[in-house]
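Let me begin by presenting the structure, written as structure tokens, before commenting on it.
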Amino acid sequence: MGRFEAAFAATPWALPGLVVLAVLGVVLAGPVGRWTDRGPLVGFLLAVGLGAPLVITLTPSAGILDTGIGSAGARFCALLPPTALLATPTDVLNGAMLIPLGIAVASIPQGRRFLALLAVAVALPPLIEALQYLGHPLLGRSCQAGDVVHNWIGLAVGLVVGRTVRWVLAAGR
């Protein structure tokens, strides 16, 4: 079983949630694109970039769905040593998950909207882990501090890629 198949097998509601999110992204692309003054592509990237991490990480695990009852396990938040960062393919997927959001945020001109979206993007990973911690009995998900760092790395990569694309496009004009 491949990495993506294993991830979706562990969270069976994630794939249907992403399909619904894609439809919602199409619906919101125009209004969000107008709000950012960057058009529907950026509107779609922002809607999906903000929603996908929530859908993927906050859907119940397969174990909870199989039993129909919440987890009786203890809540915990795992801390990882720096040497464990990006050590597994799952870590890389956690980082890659926020690259589209970083690209979308970087496409917004600097100003209040850019700063507001950047603040939301930076706050999203710790918020997700806090919700996983608090919702552990219902979701069967665990909090991992390393995921926050992996998400921030992906966000930073997306911001760099997005700003680089903006710079290249502006230089070509």
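Going by the structure tokens order, chains are called A, B, ..., each with residues numbered from 1, while ligands are numbered from 1 in the order shown.
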**Request:** Would you mind listing what lies within 7 Å of range 154-156 of chain A as JSON, numbers by chain, with only C-alpha atoms counted and same-chain residues fewer than 6 positions away left out?
**Result:** {"A": [95, 96, 97, 98, 99, 101, 102]}
Please save C-alpha atoms of the selected residues as an mmCIF file, in the first residue's frame.
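Dumped to selection_39.cif:
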```cif
data_model
loop_
_atom_site.group_PDB
_atom_site.id
_atom_site.type_symbol
_atom_site.label_atom_id
_atom_site.label_comp_id
_atom_site.auth_asym_id
_atom_site.auth_seq_id
_atom_site.Cartn_x
_atom_site.Cartn_y
_atom_site.Cartn_z
ATOM 1 C CA GLY A 95 4.864 19.779 5.283
ATOM 2 C CA ALA A 96 3.643 19.540 1.697
ATOM 3 C CA MET A 97 0.061 19.960 2.885
ATOM 4 C CA LEU A 98 0.622 23.689 3.541
ATOM 5 C CA ILE A 99 2.652 24.532 0.418
ATOM 6 C CA LEU A 101 -1.576 27.858 1.183
ATOM 7 C CA GLY A 102 1.879 29.450 1.306
#
```
**Item:** Val27 in chain A surroundings by only C-alpha atoms, 12 Å radius, close-in-sequence under 2 positions cut, as a count of residues only
**Value:** 17
**Prompt:** Taking only C-alpha atoms into account, which of A:Thr36, A:Asp91, A:Ile153, A:Leu134 comes nearest Leu117 in chain A?
**Reply:**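 Under the stated criterion, the closest residue is A:Thr36.
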**Request:** Using only C-alpha atoms, determine which residues lie at most 8 Å from Leu18 in chain A, disregarding the query and same-chain residues fewer than 5 positions distant; provide the list as number ranges by chain.
**Result:** A: 52, 55-56
Deliver the residues from the most recent selection as a file, using N, CA and C atoms, as a PDB file, in the first residue's frame.
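The resulting selection_14.pdb:
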```
ATOM      1  N   ALA A  52      -8.040  22.291   3.272  1.00  0.00           N
ATOM      2  CA  ALA A  52      -7.474  20.940   3.153  1.00  0.00           C
ATOM      3  C   ALA A  52      -6.780  20.463   4.429  1.00  0.00           C
ATOM      4  N   VAL A  55      -9.528  19.470   6.834  1.00  0.00           N
ATOM      5  CA  VAL A  55     -10.232  18.251   6.428  1.00  0.00           C
ATOM      6  C   VAL A  55      -9.363  17.021   6.665  1.00  0.00           C
ATOM      7  N   ILE A  56      -8.097  17.116   6.282  1.00  0.00           N
ATOM      8  CA  ILE A  56      -7.209  15.959   6.378  1.00  0.00           C
ATOM      9  C   ILE A  56      -6.894  15.607   7.827  1.00  0.00           C
TER      10      ILE A  56
END
```
**Asked** Counting only C-alpha atoms, which of A:Ser107, A:Thr164, A:Asn151, A:Thr90 gets nearest to Glu129 in chain A?
**Response**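 Closest to Glu129 in chain A of all the choices is A:Asn151.
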**Message:** Give me, as a list in words, the residues of chain A that a backbone DSSP run labels strand (DSSP E or B).
**Reply:** Cys77, Ala78, Cys143 and Gln144 of chain A
Write to file, as a JSON list (two decimals), in the first residue's frame, the residues of the selection just made, with N, CA and C atoms.
```json
[["chain", "number", "residue", "atom", "x", "y", "z"],
["A", 77, "CYS", "N", 0.53, 15.01, 23.79],
["A", 77, "CYS", "CA", 1.10, 15.78, 22.69],
["A", 77, "CYS", "C", 2.57, 15.41, 22.61],
["A", 78, "ALA", "N", 2.92, 14.69, 21.57],
["A", 78, "ALA", "CA", 4.29, 14.17, 21.44],
["A", 78, "ALA", "C", 5.25, 15.27, 21.02],
["A", 143, "CYS", "N", -2.04, 14.65, 19.16],
["A", 143, "CYS", "CA", -1.32, 15.90, 18.97],
["A", 143, "CYS", "C", 0.17, 15.59, 18.86],
["A", 144, "GLN", "N", 0.83, 16.15, 17.85],
["A", 144, "GLN", "CA", 2.27, 15.97, 17.70],
["A", 144, "GLN", "C", 2.90, 17.31, 17.37]]
```
**Prompt:** If you run DSSP on the backbone, which residues of range 12-173 of chain A are helix (DSSP H, G or I), as a PyMOL selection string?
**Reply:** chain A and resi 14-36+40-58+62-67+82-84+89-96+99-106+112-134+136-139+145-171
**Prompt:** Using only C-alpha atoms, which residue out of A:Trp35, A:Trp152, A:Trp13, A:Phe8 lies closest to Pro126 in chain A?
**Reply:**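 Ranking A:Trp35, A:Trp152, A:Trp13, A:Phe8 by distance to Pro126 in chain A, first place goes to A:Trp152.
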**Message:** So, with only C-alpha atoms as the atoms that count, which of A:Gln110, A:Asn94, A:Ser61, A:Thr11 lies closest to Leu138 in chain A?
**Reply:**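 Ranked by minimum distance to Leu138 in chain A, first place goes to A:Ser61.
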**Request:** Pick out the closest residue to Val148 in chain A from this set: A:Val160, A:Val19, A:Ala171, A:Ala121. Count only C-alpha atoms.
**Result:**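 Going through A:Val160, A:Val19, A:Ala171, A:Ala121 one by one, the smallest distance to Val148 in chain A is for A:Ala121.
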**Request:** Identify which of the residues A:Val105, A:Leu131, A:Leu54, A:Ala14 lies closest to Arg38 in chain A, counting only C-alpha atoms when measuring atom-to-atom distances.
**Result:**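 When distances to Arg38 in chain A are compared using only C-alpha atoms, the smallest one comes from A:Val105.
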**Request:** Name all residues at most 6 Å from Tyr133 in chain A (count only C-alpha atoms; drop same-chain ones fewer than 3 positions away) and give them as a list in words.
**Result:** Ala130, His136, Ser142 and Cys143 of chain A
Would you save the residues of that selection, restricted to N, CA and C atoms, as a PDB file, in the first residue's frame?
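Saved as again_15.pdb:
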```
ATOM      1  N   ALA A 130      -4.001  21.663  18.585  1.00  0.00           N
ATOM      2  CA  ALA A 130      -4.804  21.881  19.799  1.00  0.00           C
ATOM      3  C   ALA A 130      -6.170  21.202  19.656  1.00  0.00           C
ATOM      4  N   HIS A 136      -9.406  14.447  20.972  1.00  0.00           N
ATOM      5  CA  HIS A 136      -8.887  13.079  20.923  1.00  0.00           C
ATOM      6  C   HIS A 136      -9.944  12.013  21.188  1.00  0.00           C
ATOM      7  N   SER A 142      -4.045  12.192  17.538  1.00  0.00           N
ATOM      8  CA  SER A 142      -3.119  12.627  18.580  1.00  0.00           C
ATOM      9  C   SER A 142      -2.417  13.911  18.167  1.00  0.00           C
ATOM     10  N   CYS A 143      -2.041  14.654  19.161  1.00  0.00           N
ATOM     11  CA  CYS A 143      -1.316  15.905  18.970  1.00  0.00           C
ATOM     12  C   CYS A 143       0.172  15.589  18.863  1.00  0.00           C
TER      13      CYS A 143
END
```
